[in-house]
file model-v7.cif (mmCIF, C-alpha atoms)
data_entry
#
loop_
_atom_site.label_atom_id
_atom_site.label_comp_id
_atom_site.auth_asym_id
_atom_site.auth_seq_id
_atom_site.Cartn_x
_atom_site.Cartn_y
_atom_site.Cartn_z
CA MET A 1 97.49 5.69 0.76
CA LYS A 2 95.66 6.24 -2.50
CA ASN A 3 93.78 3.02 -1.91
CA LEU A 4 92.72 4.18 1.55
CA ILE A 5 91.38 7.47 0.16
CA LYS A 6 89.46 5.58 -2.53
CA MET A 7 87.92 3.29 0.06
CA LEU A 8 86.87 6.23 2.23
CA LEU A 9 85.30 7.98 -0.79
CA LYS A 10 83.42 4.82 -1.70
CA LYS A 11 82.12 4.51 1.85
CA GLU A 12 81.04 8.17 1.76
CA LYS A 13 79.20 7.61 -1.54
CA ARG A 14 77.47 4.49 -0.18
CA LYS A 15 76.35 6.42 2.89
CA LYS A 16 74.96 9.22 0.69
CA GLY A 17 73.12 6.69 -1.48
CA GLN A 18 71.59 5.01 1.54
CA GLY A 19 70.39 8.39 2.88
CA GLN A 20 68.73 9.27 -0.42
CA LYS A 21 67.03 5.86 -0.60
CA SER A 22 65.59 6.21 2.92
CA LYS A 23 64.36 9.75 2.09
CA ILE A 24 62.57 8.50 -1.06
CA SER A 25 61.01 5.52 0.73
CA SER A 26 59.72 7.75 3.57
CA ALA A 27 58.20 10.15 1.00
CA ILE A 28 56.47 7.24 -0.76
CA LEU A 29 55.20 5.96 2.58
CA LYS A 30 53.85 9.42 3.49
CA ARG A 31 52.06 9.72 0.15
CA GLY A 32 50.62 6.23 0.58
CA GLN A 33 49.34 7.12 4.03
CA GLU A 34 47.72 10.29 2.65
CA GLU A 35 45.97 8.31 -0.10
CA ILE A 36 44.73 5.73 2.37
CA GLY A 37 43.46 8.55 4.61
CA GLY A 38 41.66 10.18 1.69
CA PHE A 39 40.14 6.88 0.67
CA ALA A 40 38.93 6.26 4.23
CA VAL A 41 37.38 9.74 4.35
CA ILE A 42 35.53 9.04 1.08
CA ILE A 43 34.29 5.66 2.34
CA VAL A 44 33.06 7.22 5.61
CA LEU A 45 31.36 10.03 3.69
CA VAL A 46 29.63 7.64 1.31
CA GLY A 47 28.60 5.43 4.25
CA VAL A 48 27.08 8.38 6.10
CA ILE A 49 25.17 9.50 3.00
CA PHE A 50 23.95 5.94 2.37
CA LEU A 51 22.79 5.62 5.98
CA LEU A 52 20.97 8.96 5.77
CA PHE A 53 19.29 7.87 2.54
CA LEU A 54 18.32 4.51 4.05
CA GLY A 55 16.95 6.20 7.15
CA PHE A 56 14.91 8.59 5.05
CA MET A 57 13.49 5.72 2.99
CA LEU A 58 12.58 3.68 6.07
CA VAL A 59 10.92 6.61 7.80
CA LYS A 60 8.83 7.24 4.70
CA ASP A 61 7.92 3.54 4.36
CA SER A 62 6.57 3.21 7.89
CA LYS A 63 3.66 5.49 6.98
CA GLU A 64 0.57 5.39 9.14
CA ARG A 65 -2.36 3.34 7.90
CA THR A 66 -4.60 5.47 5.78
CA GLU A 67 -7.77 6.35 7.58
CA ASP A 68 -10.69 6.28 5.28
CA TYR A 69 -13.11 9.11 5.90
CA GLN A 70 -15.86 7.32 4.05
CA ILE A 71 -15.66 4.29 6.31
CA LYS A 72 -15.70 6.45 9.40
CA SER A 73 -18.73 8.43 8.22
CA PHE A 74 -20.43 5.20 7.11
CA VAL A 75 -20.23 3.76 10.64
CA GLN A 76 -21.34 7.08 12.12
CA SER A 77 -24.35 7.39 9.80
CA LEU A 78 -25.26 3.72 10.09
CA LEU A 79 -25.88 4.11 13.81
CA HIS A 80 -28.60 6.73 13.19
CA VAL A 81 -30.56 4.69 10.64
CA THR A 82 -34.10 3.81 11.74
CA THR A 83 -34.76 0.07 11.75
CA LEU A 84 -37.90 -2.04 11.47
CA CYS A 85 -37.61 -3.07 15.11
CA GLU A 86 -40.45 -1.46 17.00
CA GLN A 87 -40.43 -0.89 20.73
CA ASN A 88 -43.07 1.02 22.65
CA GLY A 89 -44.69 2.05 19.40
CA GLU A 90 -41.52 3.55 17.98
CA ASN A 91 -39.00 2.28 15.47
CA ILE A 92 -35.57 2.28 17.09
CA SER A 93 -32.24 3.21 15.50
CA VAL A 94 -29.39 0.80 14.71
CA GLN A 95 -27.50 2.07 17.74
CA GLU A 96 -30.45 1.27 20.00
CA LEU A 97 -30.98 -2.06 18.26
CA ILE A 98 -27.36 -3.04 18.97
CA ARG A 99 -27.98 -2.32 22.64
CA GLU A 100 -31.19 -4.38 22.56
CA CYS A 101 -29.36 -7.24 20.89
CA GLN A 102 -26.72 -7.10 23.61
CA LYS A 103 -29.52 -7.46 26.17
CA GLU A 104 -31.00 -10.25 24.02
CA ALA A 105 -34.31 -8.37 24.07
CA ASP A 106 -37.14 -8.77 21.57
CA CYS A 107 -38.78 -6.27 19.26
CA SER A 108 -42.58 -6.01 19.07
CA TYR A 109 -44.43 -9.13 17.95
CA GLY A 110 -41.70 -11.31 19.55
CA ILE A 111 -39.10 -10.87 16.81
CA LYS A 112 -35.55 -11.32 18.11
CA SER A 113 -33.65 -8.03 18.06
CA CYS A 114 -30.41 -9.77 17.01
CA PHE A 115 -32.15 -11.25 13.99
CA VAL A 116 -33.44 -7.81 12.93
CA LEU A 117 -29.98 -6.32 13.54
CA ASN A 118 -28.24 -8.94 11.41
CA SER A 119 -30.66 -8.61 8.51
CA THR A 120 -30.69 -4.79 8.66
CA LEU A 121 -26.89 -4.57 8.69
CA ASN A 122 -26.62 -7.11 5.90
CA ASP A 123 -29.06 -5.11 3.76
CA ILE A 124 -27.26 -1.83 4.43
CA LEU A 125 -23.84 -3.32 3.64
CA GLU A 126 -25.11 -4.91 0.43
CA LYS A 127 -26.49 -1.61 -0.80
CA SER A 128 -23.59 0.57 0.31
CA TRP A 129 -20.48 -1.41 -0.69
CA ALA A 130 -20.43 -3.13 -4.07
CA VAL A 131 -18.09 -6.10 -3.91
CA GLY A 132 -17.05 -8.01 -6.99
CA ASN A 133 -14.32 -9.11 -9.33
CA ALA A 134 -11.17 -7.00 -9.41
CA GLU A 135 -11.70 -5.79 -12.99
CA GLU A 136 -15.05 -4.16 -12.32
CA PHE A 137 -15.04 -3.30 -8.63
CA PRO A 138 -12.29 -1.68 -6.59
CA ILE A 139 -13.62 -3.29 -3.40
CA GLN A 140 -12.74 -6.93 -2.90
CA GLY A 141 -14.39 -7.46 0.44
CA TYR A 142 -15.46 -6.06 3.80
CA GLN A 143 -15.92 -7.13 7.36
CA LEU A 144 -18.16 -5.66 10.03
CA ASN A 145 -17.54 -6.80 13.55
CA ILE A 146 -19.53 -5.72 16.61
CA THR A 147 -18.15 -6.87 19.91
CA SER A 148 -19.73 -6.84 23.35
CA TYR A 149 -17.35 -7.00 26.29
CA GLY A 150 -14.63 -8.16 23.89
CA GLU A 151 -16.67 -11.03 22.45
CA ASN A 152 -18.11 -11.20 18.94
CA MET A 153 -21.76 -10.26 18.83
CA VAL A 154 -22.20 -9.64 15.09
CA LEU A 155 -19.74 -10.66 12.40
CA LEU A 156 -20.64 -9.95 8.79
CA ARG A 157 -18.21 -10.70 6.01
CA LYS A 158 -18.29 -10.59 2.25
CA GLY A 159 -15.70 -11.15 -0.49
CA THR A 160 -12.03 -11.72 0.05
CA THR A 161 -9.48 -10.08 2.28
CA THR A 162 -6.54 -8.29 0.67
CA SER A 163 -3.47 -6.58 2.05
CA ASN A 164 -4.87 -3.22 0.91
CA GLU A 165 -7.04 -2.79 3.98
CA TYR A 166 -8.81 0.39 5.01
CA GLY A 167 -10.52 0.67 8.33
CA GLY A 168 -12.42 3.25 10.25
CA SER A 169 -11.21 3.46 13.81
CA GLY A 170 -13.28 1.36 16.17
CA GLN A 171 -16.48 3.10 17.17
CA ILE A 172 -17.03 2.69 20.89
CA LEU A 173 -20.55 2.71 22.36
CA PRO A 174 -21.61 2.53 26.00
CA ASN A 175 -21.65 -0.87 27.77
CA GLU A 176 -18.38 -1.90 26.14
CA LEU A 177 -19.82 -2.22 22.68
CA GLU A 178 -17.35 -1.72 19.87
CA ILE A 179 -17.86 -1.56 16.11
CA TYR A 180 -15.08 -2.32 13.66
CA PHE A 181 -15.53 -2.01 9.93
CA ASP A 182 -12.79 -2.85 7.44
CA VAL A 183 -12.90 -2.62 3.67
CA TYR A 184 -10.47 -4.51 1.43
CA TYR A 185 -9.49 -2.87 -1.85
CA ASN A 186 -7.60 -4.51 -4.72
CA MET B 1 64.88 9.64 -15.37
CA VAL B 2 62.90 12.90 -15.91
CA ASN B 3 60.79 11.14 -18.56
CA LYS B 4 60.03 8.31 -16.17
CA LEU B 5 58.98 10.75 -13.42
CA ASN B 6 56.77 12.66 -15.90
CA LYS B 7 55.06 9.44 -16.93
CA GLN B 8 54.46 8.55 -13.28
CA GLY B 9 52.96 12.00 -12.64
CA GLN B 10 50.67 11.67 -15.62
CA MET B 11 49.53 8.28 -14.37
CA LYS B 12 48.80 9.77 -10.96
CA ILE B 13 46.81 12.63 -12.50
CA GLN B 14 44.86 10.12 -14.58
CA GLN B 15 44.15 8.01 -11.50
CA ILE B 16 42.95 11.02 -9.52
CA SER B 17 40.79 12.33 -12.36
CA PHE B 18 39.29 8.87 -12.86
CA LEU B 19 38.57 8.64 -9.14
CA LEU B 20 36.97 12.09 -9.21
CA ILE B 21 34.79 11.12 -12.18
CA VAL B 22 33.67 7.92 -10.45
CA ILE B 23 32.87 9.80 -7.23
CA PHE B 24 30.99 12.46 -9.19
CA LEU B 25 28.98 9.83 -11.08
CA PHE B 26 28.20 8.00 -7.86
CA PHE B 27 26.89 11.14 -6.17
CA ALA B 28 24.97 12.15 -9.28
CA LEU B 29 23.29 8.74 -9.35
CA LEU B 30 22.51 8.94 -5.67
CA GLY B 31 21.11 12.43 -6.15
CA MET B 32 18.96 11.30 -9.04
CA ILE B 33 17.52 8.40 -7.05
CA PHE B 34 16.83 10.70 -4.13
CA LEU B 35 15.26 13.35 -6.36
CA SER B 36 13.01 10.90 -8.20
CA TYR B 37 11.86 9.41 -4.90
CA TYR B 38 11.27 12.86 -3.47
CA LEU B 39 9.31 14.04 -6.53
CA LYS B 40 7.21 10.87 -6.51
CA ASN B 41 6.41 11.52 -2.87
CA ILE B 42 5.43 15.11 -3.61
CA LYS B 43 3.02 13.94 -6.32
CA GLU B 44 1.49 11.35 -3.99
CA LYS B 45 1.21 13.94 -1.23
CA ALA B 46 -0.52 16.39 -3.58
CA ASN B 47 -3.09 13.75 -4.60
CA GLU B 48 -3.60 12.76 -0.97
CA LEU B 49 -4.09 16.40 0.04
CA GLU B 50 -6.58 17.00 -2.73
CA GLU B 51 -8.57 13.95 -1.69
CA LYS B 52 -8.44 15.05 1.93
CA ASN B 53 -9.60 18.55 1.03
CA ALA B 54 -12.51 17.14 -0.97
CA HIS B 55 -13.59 14.94 1.92
CA LEU B 56 -13.28 17.84 4.31
CA LEU B 57 -15.46 19.89 1.99
CA VAL B 58 -18.16 17.19 1.95
CA SER B 59 -17.93 16.90 5.71
CA LYS B 60 -18.09 20.67 6.07
CA ILE B 61 -21.22 20.83 3.91
CA ALA B 62 -22.90 17.93 5.73
CA ASN B 63 -22.25 19.52 9.09
CA SER B 64 -23.06 23.11 8.07
CA PRO B 65 -26.15 24.68 9.71
CA GLU B 66 -28.04 24.60 6.40
CA PHE B 67 -27.80 20.80 6.24
CA SER B 68 -27.10 19.36 9.69
CA CYS B 69 -29.70 17.82 11.98
CA GLY B 70 -28.52 19.82 14.98
CA ILE B 71 -30.48 18.81 18.05
CA ALA B 72 -33.75 18.30 16.19
CA TYR B 73 -33.28 14.52 16.23
CA GLY B 74 -32.23 13.70 19.76
CA SER B 75 -30.76 15.56 22.69
CA SER B 76 -27.21 15.67 21.35
CA GLU B 77 -25.89 16.95 18.06
CA LYS B 78 -25.29 14.15 15.56
CA THR B 79 -22.35 14.14 13.20
CA ASP B 80 -22.81 13.24 9.52
CA CYS B 81 -26.55 13.75 9.89
CA VAL B 82 -28.47 15.74 7.28
CA ASP B 83 -31.95 17.10 7.93
CA GLY B 84 -33.99 16.15 4.86
CA ASP B 85 -36.80 18.62 5.63
CA LYS B 86 -34.29 21.43 5.93
CA VAL B 87 -32.62 20.45 2.66
CA MET B 88 -35.98 20.47 0.86
CA MET B 89 -36.59 24.02 2.09
CA LEU B 90 -33.07 24.94 1.00
CA LYS B 91 -33.77 23.47 -2.44
CA GLU B 92 -36.57 26.01 -2.89
CA ASN B 93 -34.20 28.90 -2.16
CA ILE B 94 -31.05 27.43 -3.69
CA ASN B 95 -30.56 30.42 -6.07
CA LYS B 96 -29.50 32.51 -3.08
CA TYR B 97 -26.90 29.89 -2.15
CA SER B 98 -25.56 28.85 -5.57
CA ASP B 99 -22.04 30.23 -4.94
CA PHE B 100 -22.07 29.86 -1.17
CA TRP B 101 -20.18 26.54 -0.89
CA GLY B 102 -18.04 26.99 -4.00
CA VAL B 103 -19.02 23.68 -5.56
CA LYS B 104 -20.49 22.78 -8.93
CA SER B 105 -23.12 20.38 -7.69
CA ILE B 106 -24.58 18.94 -4.50
CA GLU B 107 -26.70 15.81 -4.56
CA ILE B 108 -28.03 13.51 -1.86
CA ILE B 109 -28.85 9.95 -2.91
CA LYS B 110 -30.76 7.63 -0.62
CA ILE B 111 -29.16 4.20 -0.20
CA TYR B 112 -31.14 2.40 2.49
CA PRO B 113 -33.98 1.60 2.57
CA GLU B 114 -34.52 1.47 -1.17
CA GLY B 115 -37.49 3.56 -2.17
CA PHE B 116 -39.03 5.18 -5.20
CA ASN B 117 -36.49 5.80 -7.91
CA ARG B 118 -37.27 9.45 -8.65
CA GLU B 119 -36.03 12.92 -7.86
CA CYS B 120 -37.34 14.66 -4.77
CA THR B 121 -39.58 17.65 -5.34
CA ASN B 122 -42.21 19.28 -3.14
CA LEU B 123 -44.70 16.83 -4.62
CA THR B 124 -42.67 13.61 -4.34
CA TYR B 125 -40.83 14.14 -1.04
CA PRO B 126 -40.28 11.90 0.96
CA LYS B 127 -41.23 9.15 -1.49
CA CYS B 128 -38.18 9.71 -3.68
CA ASN B 129 -34.50 8.84 -3.67
CA SER B 130 -32.40 11.81 -4.77
CA ILE B 131 -32.29 15.47 -3.81
CA LYS B 132 -30.46 17.59 -6.36
CA LEU B 133 -29.51 20.94 -4.87
CA ILE B 134 -27.01 22.57 -7.17
CA ASN B 135 -26.84 20.98 -10.57
CA SER B 136 -24.20 22.24 -12.96
CA SER B 137 -23.81 20.70 -16.39
CA THR B 138 -20.00 21.11 -16.37
CA LEU B 139 -17.94 18.19 -15.17
CA GLY B 140 -15.47 18.26 -12.31
CA ASN B 141 -13.93 16.08 -9.65
CA SER B 142 -16.33 14.46 -7.28
CA ALA B 143 -16.24 13.44 -3.64
CA SER B 144 -18.81 11.69 -1.52
CA ASN B 145 -19.54 10.78 2.05
CA PHE B 146 -22.13 8.72 3.86
CA VAL B 147 -24.74 10.63 5.85
CA ALA B 148 -27.85 9.83 7.81
CA LEU B 149 -30.77 11.57 6.08
CA CYS B 150 -33.33 12.30 8.77
CA ARG B 151 -36.83 13.70 8.65
CA LYS B 152 -39.89 14.12 10.85
CA GLU B 153 -42.80 11.85 9.97
CA ASN B 154 -46.38 11.57 11.03
CA TYR B 155 -47.01 8.06 12.32
CA LYS B 156 -50.43 7.24 13.76
CA GLY B 157 -50.97 10.88 14.64
CA GLU B 158 -47.59 11.22 16.34
CA ILE B 159 -44.49 12.98 15.05
CA ILE B 160 -41.61 10.54 14.90
CA ASP B 161 -38.00 10.76 13.69
CA LYS B 162 -36.98 8.66 10.72
CA CYS B 163 -33.39 8.37 9.53
CA GLU B 164 -32.17 6.70 6.36
CA LEU B 165 -28.73 6.05 4.97
CA ALA B 166 -27.71 8.32 2.11
CA LYS B 167 -24.69 9.54 0.22
CA LEU B 168 -23.83 13.22 -0.12
CA ILE B 169 -22.06 13.75 -3.44
CA ILE B 170 -20.40 16.98 -4.47
CA ARG B 171 -18.66 18.05 -7.67
CA TYR B 172 -15.96 20.64 -7.45
CA GLU B 173 -13.29 22.29 -9.53
CA GLU B 174 -9.71 21.16 -8.98
CA PHE B 175 -8.09 22.96 -6.04
CA ASN B 176 -4.78 23.60 -7.87
#

call {"tool": "encode", "arguments": {"input": "model-v7.cif", "output": "structure tokens"}}
result
Amino acid sequence: MKNLIKMLLKKEKRKKGQGQKSKISSAILKRGQEEIGGFAVIIVLVGVIFLLFLGFMLVKDSKERTEDYQIKSFVQSLLHVTTLCEQNGENISVQELIRECQKEADCSYGIKSCFVLNSTLNDILEKSWAVGNAEEFPIQGYQLNITSYGENMVLLRKGTTTSNEYGGSGQILPNELEIYFDVYYN
Amino acid sequence: MVNKLNKQGQMKIQQISFLLIVIFLFFALLGMIFLSYYLKNIKEKANELEEKNAHLLVSKIANSPEFSCGIAYGSSEKTDCVDGDKVMMLKENINKYSDFWGVKSIEIIKIYPEGFNRECTNLTYPKCNSIKLINSSTLGNSASNFVALCRKENYKGEIIDKCELAKLIIRYEEFN
């Protein structure tokens, strides 16, 4: 009888022990789950912040190309300059000379208008934009391109091209004439 | 048993505090990077704005009624075109305008075609290459823009328009 009671008590104790063990393991599991959840929240938060930062950087980097006011005003003013090409007893402007060159017309005394245009533009560019070595001059090169109906009519280049390019927006004249002027800085 | 539990608790607290410190340092670093980038951008923006303001000022002066060609040289109004004859008249009465544009100096230098290398006065104009309007001895920032310098000329008994390429240079005090 005594033996039976002892066995029953032992069984009861074992049962109690097993219950306590399962309670402890479930508490540990719960805590582990909480930690994992917290960790995930932190990772998500950091990820979101990183993405926001990256987005901000990329938006700032894709800045529009700087428009140079000087280049724009240069092209504007250049068109008004009076040239040596004479027609009907009057010296015509660069803008008119471009139109004459497009028509392949001549100036007075049989001088080709395109020849006068090229030499005039070359002279003006030489005097307006000093190109030289990087130590002395900030400008490394330039390119003036006049197109007629999409085809090159005048192309004047000097120096080297760099990635630091500034350009006035293309000046459009009647009869599908377009003027592009780009300056390359170091 | 109690000792062991205490030790475990202390370990946990240490872990959490370490984690908090790491997170704090990470965010602080991120904040510093962001702030330095932002401040650098502000500085660049300020310089850009100042440059833009200066160019706008030159453009404003070139296209103001006292300087601009208006419709005197063609049927339509030309932009970036300065009337040389008008400017010479203005030069004579510049004392009345000395504070009008809020700049330290205004000068127009002829670029093309190259002419006589001397200052324009009533006696030398138009055979000269620079028109000094306001001329202050104090230094300041400068800004320039290309302009077409036009004038009326007598050619074989006829009045004709003649435009040359010039640079309008101003000196101003810093905006900020």

call {"tool": "atom_distance", "arguments": {"input": "model-v7.cif", "atom1": "atom CA of Glu173 of chain B", "atom2": "atom CA of Asn141 of chain B"}}
result
6.2 Å

call {"tool": "atom_distance", "arguments": {"input": "model-v7.cif", "atom1": "atom CA of Val75 of chain A", "atom2": "atom CA of Glu164 of chain B"}}
result
13.0 Å

call {"tool": "atom_distance", "arguments": {"input": "model-v7.cif", "atom1": "atom CA of Leu177 of chain A", "atom2": "atom CA of Ile160 of chain B"}}
result
26.4 Å

call {"tool": "resolve_selection", "arguments": {"input": "model-v7.cif", "expression": "the PyMOL selection byres ((chain A) within 6 of (chain B))", "output": "list in words"}}
result
Gln70, Ser73, Phe74, Ser77, Val81 and Thr82 of chain A

call {"tool": "write_last_selection", "arguments": {"input": "model-v7.cif", "atoms": "C-alpha atoms", "output": "PDB file, in the frame of the given file"}}
result
ATOM      1  CA  GLN A  70     -15.860   7.320   4.050  1.00  0.00           C
ATOM      2  CA  SER A  73     -18.730   8.430   8.220  1.00  0.00           C
ATOM      3  CA  PHE A  74     -20.430   5.200   7.110  1.00  0.00           C
ATOM      4  CA  SER A  77     -24.350   7.390   9.800  1.00  0.00           C
ATOM      5  CA  VAL A  81     -30.560   4.690  10.640  1.00  0.00           C
ATOM      6  CA  THR A  82     -34.100   3.810  11.740  1.00  0.00           C
TER       7      THR A  82
END

call {"tool": "resolve_selection", "arguments": {"input": "model-v7.cif", "expression": "the PyMOL selection byres ((chain A and resi 108) around 8)", "output": "MDAnalysis selection string"}}
result
chainID A and resid 85:88 106:107 109:111

call {"tool": "write_last_selection", "arguments": {"input": "model-v7.cif", "atoms": "C-alpha atoms", "output": "compact mmCIF listing (two decimals), in the frame of the given file"}}
result
# COMPACT_ATOMS: atom_id res chain seq x y z
CA CYS A 85 -37.61 -3.07 15.11
CA GLU A 86 -40.45 -1.46 17.00
CA GLN A 87 -40.43 -0.89 20.73
CA ASN A 88 -43.07 1.02 22.65
CA ASP A 106 -37.14 -8.77 21.57
CA CYS A 107 -38.78 -6.27 19.26
CA TYR A 109 -44.43 -9.13 17.95
CA GLY A 110 -41.70 -11.31 19.55
CA ILE A 111 -39.10 -10.87 16.81

call {"tool": "axis_aligned_box", "arguments": {"input": "model-v7.cif", "around": "segment 13-31 of chain B", "padding_each_side": "4 Å", "output": "AutoDock Vina command-line options"}}
result
--center_x 34.0 --center_y 10.3 --center_z -10.1 --size_x 33.7 --size_y 12.7 --size_z 16.9

call {"tool": "resolve_selection", "arguments": {"input": "model-v7.cif", "expression": "the PyMOL selection byres ((chain A and resi 34-43) around 12)", "output": "mmCIF file with C-alpha atoms, in the frame of the given file"}}
result
data_model
loop_
_atom_site.group_PDB
_atom_site.id
_atom_site.type_symbol
_atom_site.label_atom_id
_atom_site.label_comp_id
_atom_site.auth_asym_id
_atom_site.auth_seq_id
_atom_site.Cartn_x
_atom_site.Cartn_y
_atom_site.Cartn_z
ATOM 1 C CA ALA A 27 58.200 10.150 1.000
ATOM 2 C CA ILE A 28 56.470 7.240 -0.760
ATOM 3 C CA LEU A 29 55.200 5.960 2.580
ATOM 4 C CA LYS A 30 53.850 9.420 3.490
ATOM 5 C CA ARG A 31 52.060 9.720 0.150
ATOM 6 C CA GLY A 32 50.620 6.230 0.580
ATOM 7 C CA GLN A 33 49.340 7.120 4.030
ATOM 8 C CA VAL A 44 33.060 7.220 5.610
ATOM 9 C CA LEU A 45 31.360 10.030 3.690
ATOM 10 C CA VAL A 46 29.630 7.640 1.310
ATOM 11 C CA GLY A 47 28.600 5.430 4.250
ATOM 12 C CA VAL A 48 27.080 8.380 6.100
ATOM 13 C CA ILE A 49 25.170 9.500 3.000
ATOM 14 C CA PHE A 50 23.950 5.940 2.370
ATOM 15 C CA LYS B 12 48.800 9.770 -10.960
ATOM 16 C CA GLN B 15 44.150 8.010 -11.500
ATOM 17 C CA ILE B 16 42.950 11.020 -9.520
ATOM 18 C CA LEU B 19 38.570 8.640 -9.140
ATOM 19 C CA LEU B 20 36.970 12.090 -9.210
ATOM 20 C CA VAL B 22 33.670 7.920 -10.450
ATOM 21 C CA ILE B 23 32.870 9.800 -7.230
ATOM 22 C CA PHE B 24 30.990 12.460 -9.190
ATOM 23 C CA PHE B 26 28.200 8.000 -7.860
ATOM 24 C CA PHE B 27 26.890 11.140 -6.170
#

call {"tool": "closest_residue", "arguments": {"input": "model-v7.cif", "among": "A:Leu155, A:Asp182, A:Gly150, A:Gly89", "to": "Cys114 of chain A", "atoms": "all atoms listed in the file"}}
result
A:Leu155

call {"tool": "residues_around", "arguments": {"input": "model-v7.cif", "residues": "Thr161 of chain A", "least_positions_apart": "2", "cutoff": "9 Å", "atoms": "all atoms listed in the file", "output": "number ranges by chain"}}
result
A: 140-143, 158-159, 163-165, 183-185

call {"tool": "residues_around", "arguments": {"input": "model-v7.cif", "residues": "Asn117 of chain B", "least_positions_apart": "5", "cutoff": "12 Å", "atoms": "only C-alpha atoms", "output": "compact mmCIF listing (two decimals) with C-alpha atoms, in the frame of the given file"}}
result
# COMPACT_ATOMS: atom_id res chain seq x y z
CA ILE B 109 -28.85 9.95 -2.91
CA LYS B 110 -30.76 7.63 -0.62
CA ILE B 111 -29.16 4.20 -0.20
CA THR B 124 -42.67 13.61 -4.34
CA TYR B 125 -40.83 14.14 -1.04
CA PRO B 126 -40.28 11.90 0.96
CA LYS B 127 -41.23 9.15 -1.49
CA CYS B 128 -38.18 9.71 -3.68
CA ASN B 129 -34.50 8.84 -3.67
CA SER B 130 -32.40 11.81 -4.77
CA ILE B 131 -32.29 15.47 -3.81

call {"tool": "closest_residue", "arguments": {"input": "model-v7.cif", "among": "A:Glu90, A:Leu84, A:Asn145, A:Leu54", "to": "Leu117 of chain A", "atoms": "all atoms listed in the file"}}
result
A:Leu84

call {"tool": "closest_residue", "arguments": {"input": "model-v7.cif", "among": "B:Leu168, B:Leu5, B:Asn47, B:Asp83", "to": "Ile61 of chain B", "atoms": "only C-alpha atoms"}}
result
B:Leu168

call {"tool": "build_atoms", "arguments": {"input": "model-v7.cif", "residues": "segment 157-169 of chain B", "atoms": "N, CA and C atoms", "output": "PDB file, in the coordinates of the input"}}
result
ATOM      1  N   GLY B 157     -50.648   9.632  13.980  1.00  0.00           N
ATOM      2  CA  GLY B 157     -50.970  10.880  14.640  1.00  0.00           C
ATOM      3  C   GLY B 157     -49.841  11.432  15.515  1.00  0.00           C
ATOM      4  N   GLU B 158     -48.721  10.750  15.531  1.00  0.00           N
ATOM      5  CA  GLU B 158     -47.590  11.220  16.340  1.00  0.00           C
ATOM      6  C   GLU B 158     -46.417  11.603  15.426  1.00  0.00           C
ATOM      7  N   ILE B 159     -45.661  12.588  15.859  1.00  0.00           N
ATOM      8  CA  ILE B 159     -44.490  12.980  15.050  1.00  0.00           C
ATOM      9  C   ILE B 159     -43.298  12.122  15.498  1.00  0.00           C
ATOM     10  N   ILE B 160     -42.773  11.382  14.562  1.00  0.00           N
ATOM     11  CA  ILE B 160     -41.610  10.540  14.900  1.00  0.00           C
ATOM     12  C   ILE B 160     -40.395  10.910  14.014  1.00  0.00           C
ATOM     13  N   ASP B 161     -39.221  10.519  14.480  1.00  0.00           N
ATOM     14  CA  ASP B 161     -38.000  10.760  13.690  1.00  0.00           C
ATOM     15  C   ASP B 161     -37.720   9.543  12.819  1.00  0.00           C
ATOM     16  N   LYS B 162     -37.351   9.781  11.594  1.00  0.00           N
ATOM     17  CA  LYS B 162     -36.980   8.660  10.720  1.00  0.00           C
ATOM     18  C   LYS B 162     -35.676   9.006  10.009  1.00  0.00           C
ATOM     19  N   CYS B 163     -34.690   8.142  10.173  1.00  0.00           N
ATOM     20  CA  CYS B 163     -33.390   8.370   9.530  1.00  0.00           C
ATOM     21  C   CYS B 163     -33.072   7.260   8.546  1.00  0.00           C
ATOM     22  N   GLU B 164     -32.559   7.664   7.388  1.00  0.00           N
ATOM     23  CA  GLU B 164     -32.170   6.700   6.360  1.00  0.00           C
ATOM     24  C   GLU B 164     -30.715   6.914   5.989  1.00  0.00           C
ATOM     25  N   LEU B 165     -30.128   5.905   5.364  1.00  0.00           N
ATOM     26  CA  LEU B 165     -28.730   6.050   4.970  1.00  0.00           C
ATOM     27  C   LEU B 165     -28.664   6.646   3.567  1.00  0.00           C
ATOM     28  N   ALA B 166     -27.827   7.671   3.418  1.00  0.00           N
ATOM     29  CA  ALA B 166     -27.710   8.320   2.110  1.00  0.00           C
ATOM     30  C   ALA B 166     -26.263   8.682   1.826  1.00  0.00           C
ATOM     31  N   LYS B 167     -26.029   9.114   0.596  1.00  0.00           N
ATOM     32  CA  LYS B 167     -24.690   9.540   0.220  1.00  0.00           C
ATOM     33  C   LYS B 167     -24.757  10.986  -0.254  1.00  0.00           C
ATOM     34  N   LEU B 168     -23.909  11.819   0.310  1.00  0.00           N
ATOM     35  CA  LEU B 168     -23.830  13.220  -0.120  1.00  0.00           C
ATOM     36  C   LEU B 168     -22.706  13.306  -1.146  1.00  0.00           C
ATOM     37  N   ILE B 169     -23.063  13.686  -2.367  1.00  0.00           N
ATOM     38  CA  ILE B 169     -22.060  13.750  -3.440  1.00  0.00           C
ATOM     39  C   ILE B 169     -21.884  15.191  -3.896  1.00  0.00           C
TER      40      ILE B 169
END
